[in-house]
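> Quick one, my_file.csv (CSV, C-alpha atoms and all ligand atoms):
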chain,number,residue,atom,x,y,z
A,583,MET,CA,0.0,0.0,0.0
A,584,SER,CA,1.3,3.5,-0.8
A,585,LYS,CA,1.6,6.0,2.0
A,586,LYS,CA,-0.3,8.6,0.0
A,587,LYS,CA,-3.5,10.1,1.4
A,588,ILE,CA,-6.5,8.7,-0.5
A,589,VAL,CA,-8.9,11.1,-2.1
A,590,PHE,CA,-12.2,9.5,-3.1
A,591,SER,CA,-15.3,11.0,-4.7
A,592,ALA,CA,-18.2,10.1,-6.9
A,593,ILE,CA,-21.0,11.6,-8.9
A,594,GLN,CA,-24.3,10.2,-10.1
A,595,PRO,CA,-24.7,9.8,-13.8
A,596,THR,CA,-27.9,12.0,-14.2
A,597,GLY,CA,-27.2,13.9,-17.4
A,598,ASN,CA,-25.0,16.8,-18.2
A,599,LEU,CA,-22.8,18.3,-15.5
A,600,HIS,CA,-23.8,21.8,-14.4
A,601,ILE,CA,-21.7,24.7,-13.1
A,602,GLY,CA,-22.5,23.8,-9.5
A,603,ASN,CA,-21.1,20.3,-9.9
A,604,TYR,CA,-18.0,21.8,-11.5
A,605,LEU,CA,-17.3,24.6,-9.0
A,606,GLY,CA,-18.4,22.5,-6.0
A,607,ALA,CA,-16.6,19.3,-6.9
A,608,VAL,CA,-15.2,18.4,-10.2
A,609,ARG,CA,-12.8,21.3,-10.7
A,610,ASN,CA,-11.3,20.3,-7.4
A,611,TRP,CA,-10.9,16.7,-8.5
A,612,VAL,CA,-8.9,17.8,-11.5
A,613,GLU,CA,-6.6,19.9,-9.2
A,614,LEU,CA,-6.2,17.2,-6.6
A,615,GLN,CA,-5.1,14.5,-9.1
A,616,LYS,CA,-2.1,16.8,-10.0
A,617,ASN,CA,-1.0,16.7,-6.4
A,618,GLU,CA,1.6,14.0,-5.8
A,619,ASP,CA,0.6,13.7,-2.1
A,620,TYR,CA,-2.7,12.2,-3.0
A,621,GLU,CA,-3.9,9.0,-4.6
A,622,CYS,CA,-7.2,9.8,-6.4
A,623,ILE,CA,-10.1,7.6,-7.0
A,624,PHE,CA,-13.2,8.8,-8.9
A,625,CYS,CA,-16.3,6.9,-9.5
A,626,ILE,CA,-19.5,7.1,-11.5
A,627,ALA,CA,-22.2,6.3,-8.9
A,628,ASP,CA,-24.7,4.4,-11.0
A,629,TYR,CA,-26.1,2.3,-8.1
A,630,HIS,CA,-26.9,5.6,-6.4
A,631,ALA,CA,-28.6,6.9,-9.5
A,632,MET,CA,-30.9,3.9,-9.5
A,633,THR,CA,-32.9,5.5,-6.6
A,634,GLY,CA,-34.3,7.9,-9.3
A,635,ASP,CA,-36.8,7.1,-12.0
A,636,LYS,CA,-34.6,6.4,-15.1
A,637,THR,CA,-35.2,3.7,-17.7
A,638,ALA,CA,-32.5,1.1,-18.5
A,639,GLN,CA,-31.6,2.9,-21.8
A,640,ASP,CA,-31.3,6.2,-20.0
A,641,ARG,CA,-28.9,4.6,-17.6
A,642,ARG,CA,-26.7,3.2,-20.3
A,643,ASP,CA,-26.5,6.5,-22.1
A,644,GLN,CA,-25.9,8.5,-18.9
A,645,ILE,CA,-23.0,6.4,-17.7
A,646,ILE,CA,-21.2,7.0,-21.0
A,647,LEU,CA,-22.1,10.7,-21.0
A,648,MET,CA,-20.7,11.2,-17.5
A,649,ALA,CA,-17.5,9.3,-18.5
A,650,ALA,CA,-17.1,11.6,-21.6
A,651,GLU,CA,-17.7,14.8,-19.6
A,652,LEU,CA,-15.3,13.9,-16.8
A,653,LEU,CA,-12.6,13.0,-19.2
A,654,ALA,CA,-13.2,16.2,-21.2
A,655,LEU,CA,-12.8,18.2,-18.0
A,656,GLY,CA,-9.4,16.7,-17.4
A,657,ILE,CA,-9.9,13.6,-15.2
A,658,ASP,CA,-6.9,11.6,-16.3
A,659,PRO,CA,-7.2,7.8,-16.0
A,660,LYS,CA,-3.4,7.5,-16.0
A,661,LYS,CA,-3.2,9.6,-12.8
A,662,SER,CA,-6.4,8.6,-11.1
A,663,THR,CA,-8.5,5.4,-10.8
A,664,PHE,CA,-11.7,6.2,-12.7
A,665,PHE,CA,-14.5,3.6,-12.8
A,666,VAL,CA,-18.2,2.8,-12.6
A,667,GLN,CA,-19.5,1.8,-9.2
A,668,SER,CA,-21.6,-1.2,-10.4
A,669,HIS,CA,-18.5,-2.7,-12.1
A,670,VAL,CA,-17.2,-3.3,-8.6
A,671,PRO,CA,-20.1,-5.1,-7.0
A,672,GLU,CA,-18.2,-5.4,-3.7
A,673,HIS,CA,-19.6,-1.9,-2.9
A,674,THR,CA,-23.0,-3.4,-2.3
A,675,GLU,CA,-21.6,-6.2,-0.1
A,676,LEU,CA,-19.9,-3.6,2.1
A,677,ALA,CA,-23.0,-1.5,2.1
A,678,TRP,CA,-25.0,-4.6,3.4
A,679,ILE,CA,-22.5,-5.0,6.3
A,680,PHE,CA,-22.8,-1.3,7.1
A,681,ASN,CA,-26.6,-1.7,7.0
A,682,THR,CA,-26.3,-3.9,10.0
A,683,ILE,CA,-24.4,-1.3,12.1
A,684,THR,CA,-26.3,1.8,11.1
A,685,PRO,CA,-29.2,3.0,13.4
A,686,LEU,CA,-32.3,3.7,11.3
A,687,ALA,CA,-32.8,7.1,13.0
A,688,GLU,CA,-29.5,8.3,11.6
A,689,LEU,CA,-30.7,7.8,8.1
A,690,GLU,CA,-34.1,9.3,8.7
A,691,ARG,CA,-32.7,12.6,9.7
A,692,MET,CA,-30.6,13.0,6.5
A,693,THR,CA,-31.6,16.2,4.7
A,694,GLN,CA,-31.2,14.7,1.3
A,695,PHE,CA,-33.5,11.9,2.1
A,696,LYS,CA,-36.2,14.3,3.4
A,697,ASP,CA,-35.8,16.5,0.3
A,698,LYS,CA,-35.8,13.7,-2.2
A,699,SER,CA,-38.8,12.1,-0.5
A,700,LYS,CA,-40.7,15.3,-1.2
A,701,LYS,CA,-39.4,15.7,-4.8
A,702,GLN,CA,-40.3,12.1,-5.8
A,703,ALA,CA,-43.2,11.4,-3.5
A,704,LYS,CA,-44.4,8.6,-5.8
A,705,ASN,CA,-41.2,6.7,-5.5
A,706,ILE,CA,-39.9,6.8,-2.0
A,707,ASN,CA,-37.9,3.6,-2.3
A,708,THR,CA,-35.8,2.1,0.4
A,709,GLY,CA,-32.7,3.0,-1.6
A,710,LEU,CA,-33.3,6.7,-1.0
A,711,LEU,CA,-33.1,6.0,2.7
A,712,THR,CA,-30.0,3.7,2.6
A,713,TYR,CA,-28.2,5.8,0.0
A,714,PRO,CA,-25.7,7.3,2.5
A,715,ILE,CA,-24.7,3.8,3.6
A,716,LEU,CA,-23.7,2.9,0.1
A,717,GLN,CA,-21.9,6.2,-0.1
A,718,ALA,CA,-20.0,5.3,3.1
A,719,ALA,CA,-19.1,1.9,1.5
A,720,ASP,CA,-17.8,3.6,-1.6
A,721,ILE,CA,-15.5,5.8,0.4
A,722,LEU,CA,-14.4,3.3,3.1
A,723,MET,CA,-13.8,0.5,0.6
A,724,TYR,CA,-10.7,2.5,-0.5
A,725,LYS,CA,-10.0,3.8,3.0
A,726,GLY,CA,-10.7,7.3,1.7
A,727,ASN,CA,-9.2,10.1,3.8
A,728,PHE,CA,-10.5,13.1,1.9
A,729,VAL,CA,-13.8,13.4,0.0
A,730,PRO,CA,-14.0,16.5,-2.4
A,731,VAL,CA,-17.7,17.3,-2.6
A,732,GLY,CA,-20.1,20.2,-2.5
A,733,GLN,CA,-21.8,21.5,0.6
A,734,ASP,CA,-24.9,19.3,0.2
A,735,GLN,CA,-22.8,16.2,0.7
A,736,ILE,CA,-21.2,17.2,4.1
A,737,GLN,CA,-23.8,15.4,6.1
A,738,HIS,CA,-23.2,12.1,4.2
A,739,VAL,CA,-19.5,12.4,4.7
A,740,GLU,CA,-20.1,12.9,8.5
A,741,LEU,CA,-22.2,9.8,8.5
A,742,THR,CA,-19.3,8.0,6.8
A,743,ARG,CA,-17.1,9.0,9.8
A,744,ASP,CA,-19.7,7.7,12.1
A,745,THR,CA,-20.0,4.4,10.2
A,746,ALA,CA,-16.2,3.9,10.4
A,747,ARG,CA,-16.4,4.5,14.2
A,748,TRP,CA,-19.3,2.1,14.7
A,749,PHE,CA,-17.5,-0.5,12.7
A,750,ASN,CA,-14.1,0.0,14.4
A,751,ASN,CA,-15.7,-0.1,17.9
A,752,ARG,CA,-17.4,-3.3,17.2
A,753,TYR,CA,-14.8,-5.2,15.1
A,754,GLY,CA,-11.5,-3.5,15.8
A,755,GLU,CA,-9.7,-0.5,14.3
A,756,TYR,CA,-9.8,-0.8,10.6
A,757,PHE,CA,-11.4,2.1,8.7
A,758,PRO,CA,-9.9,5.7,8.7
A,759,GLU,CA,-11.7,8.9,9.7
A,760,THR,CA,-12.9,10.6,6.6
A,761,GLU,CA,-13.1,14.3,5.9
A,762,ALA,CA,-15.0,16.3,3.4
A,763,LEU,CA,-12.9,18.7,1.2
A,764,LEU,CA,-14.8,21.8,0.2
A,765,THR,CA,-13.9,24.4,-2.5
A,766,GLU,CA,-14.3,28.1,-2.0
A,767,THR,CA,-17.6,27.7,-4.0
A,768,PRO,CA,-19.3,24.8,-2.2
A,769,LYS,CA,-22.8,26.0,-3.0
A,770,ILE,CA,-23.8,27.6,-6.3
A,771,MET,CA,-27.3,28.9,-6.4
A,772,SER,CA,-30.2,28.4,-8.9
A,773,LEU,CA,-30.5,31.1,-11.6
A,774,LEU,CA,-34.2,31.4,-11.1
A,775,GLU,CA,-34.5,30.9,-7.3
A,776,PRO,CA,-31.2,32.0,-5.9
A,777,THR,CA,-32.1,31.1,-2.4
A,778,ARG,CA,-31.9,27.4,-3.4
A,779,LYS,CA,-28.9,25.5,-4.6
A,780,MET,CA,-28.4,25.1,-8.4
A,781,SER,CA,-30.0,21.7,-9.2
A,782,LYS,CA,-31.4,20.1,-12.3
A,783,SER,CA,-34.3,18.7,-10.3
A,784,TYR,CA,-36.0,22.2,-10.3
A,785,GLY,CA,-35.8,22.4,-14.2
A,786,LEU,CA,-33.1,23.0,-16.7
A,787,SER,CA,-33.6,26.8,-16.8
A,788,HIS,CA,-32.3,26.9,-13.2
A,789,VAL,CA,-28.9,25.6,-14.2
A,790,LEU,CA,-26.1,26.4,-16.6
A,791,GLU,CA,-24.8,23.1,-18.0
A,792,LEU,CA,-21.2,23.0,-19.0
A,793,ALA,CA,-22.2,21.7,-22.4
A,794,ASP,CA,-24.6,24.6,-23.1
A,795,GLU,CA,-23.8,26.5,-26.3
A,796,PRO,CA,-22.9,30.2,-25.7
A,797,GLU,CA,-26.4,31.4,-27.0
A,798,VAL,CA,-28.1,29.0,-24.5
A,799,ILE,CA,-26.0,30.4,-21.7
A,800,LEU,CA,-26.9,33.9,-22.6
A,801,ALA,CA,-30.6,33.1,-22.9
A,802,LYS,CA,-30.6,31.4,-19.5
A,803,LEU,CA,-28.7,34.2,-17.9
A,804,LYS,CA,-31.0,36.8,-19.3
A,805,LYS,CA,-33.8,35.2,-17.3
A,806,ALA,CA,-31.7,34.9,-14.1
A,807,VAL,CA,-33.1,36.7,-11.1
A,808,THR,CA,-31.1,39.8,-10.0
A,809,ALA,CA,-32.4,42.7,-7.8
A,810,SER,CA,-35.1,45.2,-8.4
A,811,GLU,CA,-32.8,48.2,-7.7
A,812,PRO,CA,-29.2,48.3,-8.7
A,813,GLY,CA,-26.9,48.2,-5.7
A,814,GLU,CA,-29.5,46.3,-3.6
A,815,LYS,CA,-27.9,43.3,-1.9
A,816,SER,CA,-29.5,40.2,-3.5
A,817,PRO,CA,-28.6,36.5,-3.6
A,818,GLY,CA,-29.1,36.4,-7.4
A,819,VAL,CA,-26.6,39.2,-8.0
A,820,GLU,CA,-24.2,37.7,-5.4
A,821,ASN,CA,-24.4,34.4,-7.3
A,822,LEU,CA,-23.7,35.9,-10.7
A,823,LEU,CA,-20.8,37.9,-9.3
A,824,LEU,CA,-19.4,34.7,-7.8
A,825,LEU,CA,-19.6,33.0,-11.2
A,826,LEU,CA,-17.9,36.0,-12.8
A,827,LYS,CA,-15.1,35.8,-10.2
A,828,ASN,CA,-14.5,32.2,-11.3
A,829,PHE,CA,-14.7,32.6,-15.0
A,830,ALA,CA,-13.7,36.2,-16.0
A,831,ASP,CA,-10.5,38.2,-15.7
A,832,GLU,CA,-9.9,39.7,-12.3
A,833,THR,CA,-10.1,43.3,-13.5
A,834,VAL,CA,-13.5,42.7,-15.2
A,835,TYR,CA,-14.8,41.1,-12.0
A,836,ASN,CA,-13.4,44.0,-9.9
A,837,ASN,CA,-15.1,46.6,-12.1
A,838,PHE,CA,-18.5,44.9,-11.7
A,839,VAL,CA,-18.0,44.6,-7.9
A,840,GLU,CA,-17.2,48.3,-7.7
A,841,ALA,CA,-20.2,49.2,-9.9
A,842,GLU,CA,-22.4,47.1,-7.6
A,843,LYS,CA,-21.2,48.9,-4.6
A,844,ASN,CA,-21.8,52.4,-6.0
A,845,GLY,CA,-25.1,51.5,-7.5
A,846,THR,CA,-24.1,52.0,-11.2
A,847,ILE,CA,-24.1,48.3,-12.1
A,848,LYS,CA,-26.1,47.3,-15.2
A,849,TYR,CA,-27.4,43.8,-14.9
A,850,GLY,CA,-27.8,43.4,-18.6
A,851,GLU,CA,-24.1,44.1,-19.1
A,852,LEU,CA,-23.2,41.8,-16.2
A,853,LYS,CA,-25.1,39.0,-17.8
A,854,GLU,CA,-23.6,39.5,-21.2
A,855,THR,CA,-20.1,39.6,-19.8
A,856,LEU,CA,-20.7,36.5,-17.8
A,857,ALA,CA,-22.2,34.6,-20.7
A,858,GLN,CA,-19.2,35.4,-22.8
A,859,ALA,CA,-16.8,34.4,-20.1
A,860,ILE,CA,-18.5,31.0,-19.4
A,861,GLY,CA,-18.9,30.3,-23.1
A,862,ASP,CA,-15.2,30.9,-23.7
A,863,TYR,CA,-14.1,29.0,-20.5
A,864,PHE,CA,-15.9,25.8,-21.6
A,865,ALA,CA,-15.2,26.0,-25.4
A,866,ASP,CA,-12.4,23.3,-25.2
A,867,PHE,CA,-14.6,21.2,-23.0
A,868,ARG,CA,-17.4,21.2,-25.5
A,869,GLU,CA,-15.1,20.2,-28.3
A,870,ASN,CA,-13.5,17.4,-26.2
A,871,ARG,CA,-16.8,16.1,-25.0
A,872,THR,CA,-18.1,15.7,-28.5
A,873,GLN,CA,-15.0,13.8,-29.5
A,874,TYR,CA,-15.1,11.5,-26.6
A,875,LEU,CA,-18.8,10.8,-27.2
A,876,GLU,CA,-17.9,9.8,-30.8
A,877,ASP,CA,-15.5,7.2,-29.5
A,878,ARG,CA,-17.5,4.8,-27.3
A,879,SER,CA,-15.0,2.0,-27.6
A,880,PHE,CA,-12.3,4.2,-26.1
A,881,LEU,CA,-14.6,5.1,-23.2
A,882,ALA,CA,-15.4,1.5,-22.6
A,883,THR,CA,-11.7,0.7,-22.5
A,884,VAL,CA,-11.0,3.5,-20.0
A,885,LEU,CA,-13.8,2.3,-17.8
A,886,SER,CA,-12.7,-1.4,-17.9
A,887,GLU,CA,-9.1,-0.4,-17.0
A,888,GLY,CA,-10.5,1.6,-14.1
A,889,GLU,CA,-12.6,-1.4,-13.1
A,890,ILE,CA,-9.5,-3.6,-12.9
A,891,LYS,CA,-7.6,-1.1,-10.7
A,892,ALA,CA,-10.6,-0.5,-8.4
A,893,SER,CA,-11.5,-4.2,-8.1
A,894,LYS,CA,-8.1,-5.1,-7.0
A,895,ILE,CA,-8.4,-2.8,-4.0
A,896,ALA,CA,-12.0,-3.7,-3.3
A,897,LYS,CA,-11.3,-7.4,-3.3
A,898,ALA,CA,-8.5,-7.0,-0.8
A,899,SER,CA,-10.6,-4.8,1.5
A,900,MET,CA,-13.5,-7.2,1.4
A,901,LYS,CA,-11.3,-10.2,2.3
A,902,GLU,CA,-10.1,-8.3,5.4
A,903,VAL,CA,-13.6,-7.1,6.3
A,904,ARG,CA,-15.1,-10.6,6.0
A,905,HIS,CA,-12.5,-11.9,8.3
A,906,LEU,CA,-12.9,-9.1,10.8
A,907,ILE,CA,-16.7,-9.6,11.1
A,908,GLY,CA,-16.3,-13.4,11.4
A,909,ILE,CA,-17.9,-14.7,8.2
A,910,ARG,CA,-14.7,-16.0,6.7
B,1,LIG,P1,-24.8,15.2,-7.8
B,1,LIG,O1,-25.1,15.8,-9.2
B,1,LIG,O2,-25.9,15.4,-6.8
B,1,LIG,O3,-24.3,13.8,-7.9
B,1,LIG,O4,-23.6,16.1,-7.3
B,1,LIG,C1,-22.3,15.9,-7.7
B,1,LIG,C2,-21.3,16.8,-6.9
B,1,LIG,O5,-21.6,18.2,-7.2
B,1,LIG,C3,-21.4,16.6,-5.4
B,1,LIG,O6,-20.2,16.7,-4.8
B,1,LIG,C4,-22.3,17.8,-5.0
B,1,LIG,O7,-22.1,18.2,-3.7
B,1,LIG,C5,-21.8,18.9,-6.0
B,1,LIG,N1,-22.9,19.9,-6.2
B,1,LIG,C6,-24.2,19.6,-6.7
B,1,LIG,N2,-24.9,20.8,-6.8
B,1,LIG,C7,-24.1,21.8,-6.4
B,1,LIG,C8,-24.2,23.2,-6.2
B,1,LIG,N3,-25.3,23.8,-6.6
B,1,LIG,N4,-23.1,23.9,-5.8
B,1,LIG,C9,-22.0,23.3,-5.5
B,1,LIG,N5,-21.8,22.0,-5.6
B,1,LIG,C10,-22.8,21.2,-6.0
B,2,LIG,N1,-24.1,11.2,-3.1
B,2,LIG,C1,-23.2,11.9,-4.0
B,2,LIG,C2,-23.9,13.0,-4.7
B,2,LIG,O1,-25.1,13.0,-4.9
B,2,LIG,C3,-22.5,11.0,-5.0
B,2,LIG,C4,-21.7,9.9,-4.3
B,2,LIG,C5,-21.9,8.6,-4.3
B,2,LIG,C6,-20.5,10.2,-3.6
B,2,LIG,N2,-20.9,8.0,-3.6
B,2,LIG,C7,-20.0,8.9,-3.2
B,2,LIG,C8,-19.8,11.4,-3.3
B,2,LIG,C9,-18.8,8.8,-2.4
B,2,LIG,C10,-18.6,11.2,-2.5
B,2,LIG,C11,-18.1,10.0,-2.1
B,2,LIG,O2,-23.3,13.9,-5.2
Take the structure in the file and write it out as structure tokens.

Amino acid sequence: MSKKKIVFSAIQPTGNLHIGNYLGAVRNWVELQKNEDYECIFCIADYHAMTGDKTAQDRRDQIILMAAELLALGIDPKKSTFFVQSHVPEHTELAWIFNTITPLAELERMTQFKDKSKKQAKNINTGLLTYPILQAADILMYKGNFVPVGQDQIQHVELTRDTARWFNNRYGEYFPETEALLTETPKIMSLLEPTRKMSKSYGLSHVLELADEPEVILAKLKKAVTASEPGEKSPGVENLLLLLKNFADETVYNNFVEAEKNGTIKYGELKETLAQAIGDYFADFRENRTQYLEDRSFLATVLSEGEIKASKIAKASMKEVRHLIGIR
């Protein structure tokens, strides 16, 4: 085993990535994999996505799409282990073991469970409840030390720490304590309802997708909520300025911040400048994404190489875990 700290994260394959996913998590993944102190493992969480309402064909397409998008953003399978969760079925075995040590009440108080139960009231399946247990299994299978995610996942990473403690207390010290790693932008807000996080579940006009063409970005930004009076503090304007800070030149950003302070800001101009900056920033991404999507056999090869690397670690972990809990 290497002495490097293990970075583990995952994302559900549920369509195109949006700017919240990028600024909250994936940009950080790409940075972390450049750091020699870390061993990075990134996973497409297709078992987790099964708690939603997708068809089998949707699932096939979305796994491929997520692989193409992550590679296009710079996830490098030579530097990181990059694989599909269901290709390593040991994850579900470890999740079962964690089921037996997790108090029900801990799952029932999870914010995401409560939110999703409201959003998909006709499909409150048990997987929605036990979702964080599978997430703990993902992370602890690889003895993950750091988990780069957005703010909405902190509660799940805390539950992972608890899971490790419950296991270690009962069966002996084995799993490490895991910590969430946040970026400076852990929560990007919706364009249309900037008091809520940016999420596709509210509708596509709430989010900017990384694959959106420049004219789509502009059209969506034009509808974004700002403030009724220039200079008035508003979450919508704060959110747009935060995006500008991340995608435009510093001087451009500083000028708009200044204009906001002295009440001369023109929201139309802010939106056009921001649309241009985001469109430019992701131009290469859009091109790479198209190319990857045209080469499905390359994507399949990358994922099967990732599967081999991840499986090796997962098999070794499960051998030890089965022994610790006394079933082998
Ligand atoms: P999901 O699409 O829910 O699988 O989320 C993938 C990653 O993006 C997770 O690390 C989330 O915490 C992060 N994320 C999702 N939405 C946002 C947002 N609006 N702002 C920042 N991070 C986000
Ligand atoms: N639940 C995470 C999300 O919705 C995705 C996920 C699954 C994950 N397993 C994980 C994130 C392990 C970090 C670590 O974004």
> Using all atoms listed in the file, what does the table of chain A residues within 9 Å of ligand LIG 2 (chain B) look like, with each row giving the shortest atom pair and its distance in Å to one decimal, sorted by chain and ascending number, as CSV?

residue,atom,partner,partner_atom,distance
A:Phe590,CA,B:LIG2,C11,6.0
A:Ser591,CA,B:LIG2,C11,3.9
A:Ala592,CA,B:LIG2,C6,4.0
A:Ile593,CA,B:LIG2,C3,4.2
A:Gln594,CA,B:LIG2,C3,5.5
A:Asn603,CA,B:LIG2,O2,8.2
A:Ala607,CA,B:LIG2,O2,8.8
A:Phe624,CA,B:LIG2,C11,8.5
A:Cys625,CA,B:LIG2,N2,7.6
A:Ile626,CA,B:LIG2,C5,7.7
A:Ala627,CA,B:LIG2,C5,5.2
A:Asp628,CA,B:LIG2,C5,8.4
A:Tyr629,CA,B:LIG2,C5,8.5
A:His630,CA,B:LIG2,C5,6.2
A:Ala631,CA,B:LIG2,O1,8.4
A:Gln667,CA,B:LIG2,N2,8.5
A:Gln694,CA,B:LIG2,O1,8.9
A:Tyr713,CA,B:LIG2,N1,7.5
A:Pro714,CA,B:LIG2,N1,7.0
A:Leu716,CA,B:LIG2,N2,6.9
A:Gln717,CA,B:LIG2,N2,4.1
A:Ala718,CA,B:LIG2,C9,6.6
A:Ala719,CA,B:LIG2,C9,7.9
A:Asp720,CA,B:LIG2,C9,5.4
A:Ile721,CA,B:LIG2,C9,5.3
A:Leu722,CA,B:LIG2,C9,8.9
A:Gly726,CA,B:LIG2,C11,8.7
A:Val729,CA,B:LIG2,C10,5.8
A:Pro730,CA,B:LIG2,C10,7.0
A:Val731,CA,B:LIG2,C10,6.2
A:Gly732,CA,B:LIG2,O2,7.6
A:Asp734,CA,B:LIG2,O2,7.8
A:Gln735,CA,B:LIG2,O2,6.4
A:His738,CA,B:LIG2,N1,7.4
A:Val739,CA,B:LIG2,C11,7.3
A:Ala762,CA,B:LIG2,C10,8.6
> With distances taken over only C-alpha atoms and all ligand atoms, which residue among A:Leu741, A:Ala896, A:Leu763, A:Leu875 lies nearest ligand LIG 1 (chain B)?
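The answer is A:Leu763, which sits nearest to ligand LIG 1 (chain B).
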> Give me, please, the distance in Å between CA of Gly597 in chain A and CA of Phe880 in chain A, quoted to one decimal.
19.8 Å
> Using all atoms listed in the file, determine which residues lie at most 7 Å from Phe867 in chain A, disregarding the query and same-chain residues fewer than 4 positions distant; provide the list as a PyMOL selection string.
chain A and resi 654-655+871
> Separation of CA of Phe680 in chain A and CA of Met632 in chain A, in Å?
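Computing the Euclidean distance for CA of Phe680 in chain A and CA of Met632 in chain A yields 19.2 Å.
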> Grab the CA of Ser699 in chain A to atom N4 of ligand LIG 1 (chain B) distance for me, in Å with one decimal place.
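Spanning CA of Ser699 in chain A to atom N4 of ligand LIG 1 (chain B) is a straight-line distance of 20.3 Å.
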> With all atoms listed in the file counted, which protein, DNA or RNA residues have an atom no more than 12 Å from (-28.6, 48.3, -11.8) in the file frame? Please answer as JSON, numbers by chain.
{"A": [808, 809, 810, 811, 812, 813, 814, 815, 816, 819, 838, 839, 841, 842, 843, 844, 845, 846, 847, 848, 849, 850, 851, 852, 853]}
> Determine the nearest neighbour of Ala865 in chain A from the options A:Lys779, A:Val798, A:Leu792, A:Thr708, counting all atoms listed in the file.
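Selected residue with least distance to Ala865 in chain A: A:Leu792.
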> Write out as a list in words the residues lying within 12 Å of Phe829 in chain A, counting all atoms listed in the file and excluding same-chain residues fewer than 5 positions away.
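Listing them by chain and then by number gives Ile601, Tyr604, Leu605, Leu822, Leu823, Leu824, Val834, Tyr835, Thr855, Leu856, Ala857, Gln858, Ala859, Ile860, Gly861, Asp862, Tyr863 and Phe864 of chain A.
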> Using only C-alpha atoms, please write the residues we just selected to a file, as a PDB file, in the coordinates of the input.

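This is the output file part-v3.pdb:
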ATOM      1  CA  ILE A 601     -21.700  24.700 -13.100  1.00  0.00           C
ATOM      2  CA  TYR A 604     -18.000  21.800 -11.500  1.00  0.00           C
ATOM      3  CA  LEU A 605     -17.300  24.600  -9.000  1.00  0.00           C
ATOM      4  CA  LEU A 822     -23.700  35.900 -10.700  1.00  0.00           C
ATOM      5  CA  LEU A 823     -20.800  37.900  -9.300  1.00  0.00           C
ATOM      6  CA  LEU A 824     -19.400  34.700  -7.800  1.00  0.00           C
ATOM      7  CA  VAL A 834     -13.500  42.700 -15.200  1.00  0.00           C
ATOM      8  CA  TYR A 835     -14.800  41.100 -12.000  1.00  0.00           C
ATOM      9  CA  THR A 855     -20.100  39.600 -19.800  1.00  0.00           C
ATOM     10  CA  LEU A 856     -20.700  36.500 -17.800  1.00  0.00           C
ATOM     11  CA  ALA A 857     -22.200  34.600 -20.700  1.00  0.00           C
ATOM     12  CA  GLN A 858     -19.200  35.400 -22.800  1.00  0.00           C
ATOM     13  CA  ALA A 859     -16.800  34.400 -20.100  1.00  0.00           C
ATOM     14  CA  ILE A 860     -18.500  31.000 -19.400  1.00  0.00           C
ATOM     15  CA  GLY A 861     -18.900  30.300 -23.100  1.00  0.00           C
ATOM     16  CA  ASP A 862     -15.200  30.900 -23.700  1.00  0.00           C
ATOM     17  CA  TYR A 863     -14.100  29.000 -20.500  1.00  0.00           C
ATOM     18  CA  PHE A 864     -15.900  25.800 -21.600  1.00  0.00           C
TER      19      PHE A 864
END
> Nearest to Ile706 in chain A among A:Asp619, A:Asp635, A:Glu887, A:Glu613, with distances taken over only C-alpha atoms: which residue is it?
A:Asp635
> Rank A:Leu653, A:Leu790, A:Ile799, A:Ile588 by their smallest atom-to-atom distance to ligand LIG 1 (chain B), using all atoms listed in the file, and report the top residue only.
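Using all atoms listed in the file, ligand LIG 1 (chain B) sits closest to A:Leu790.
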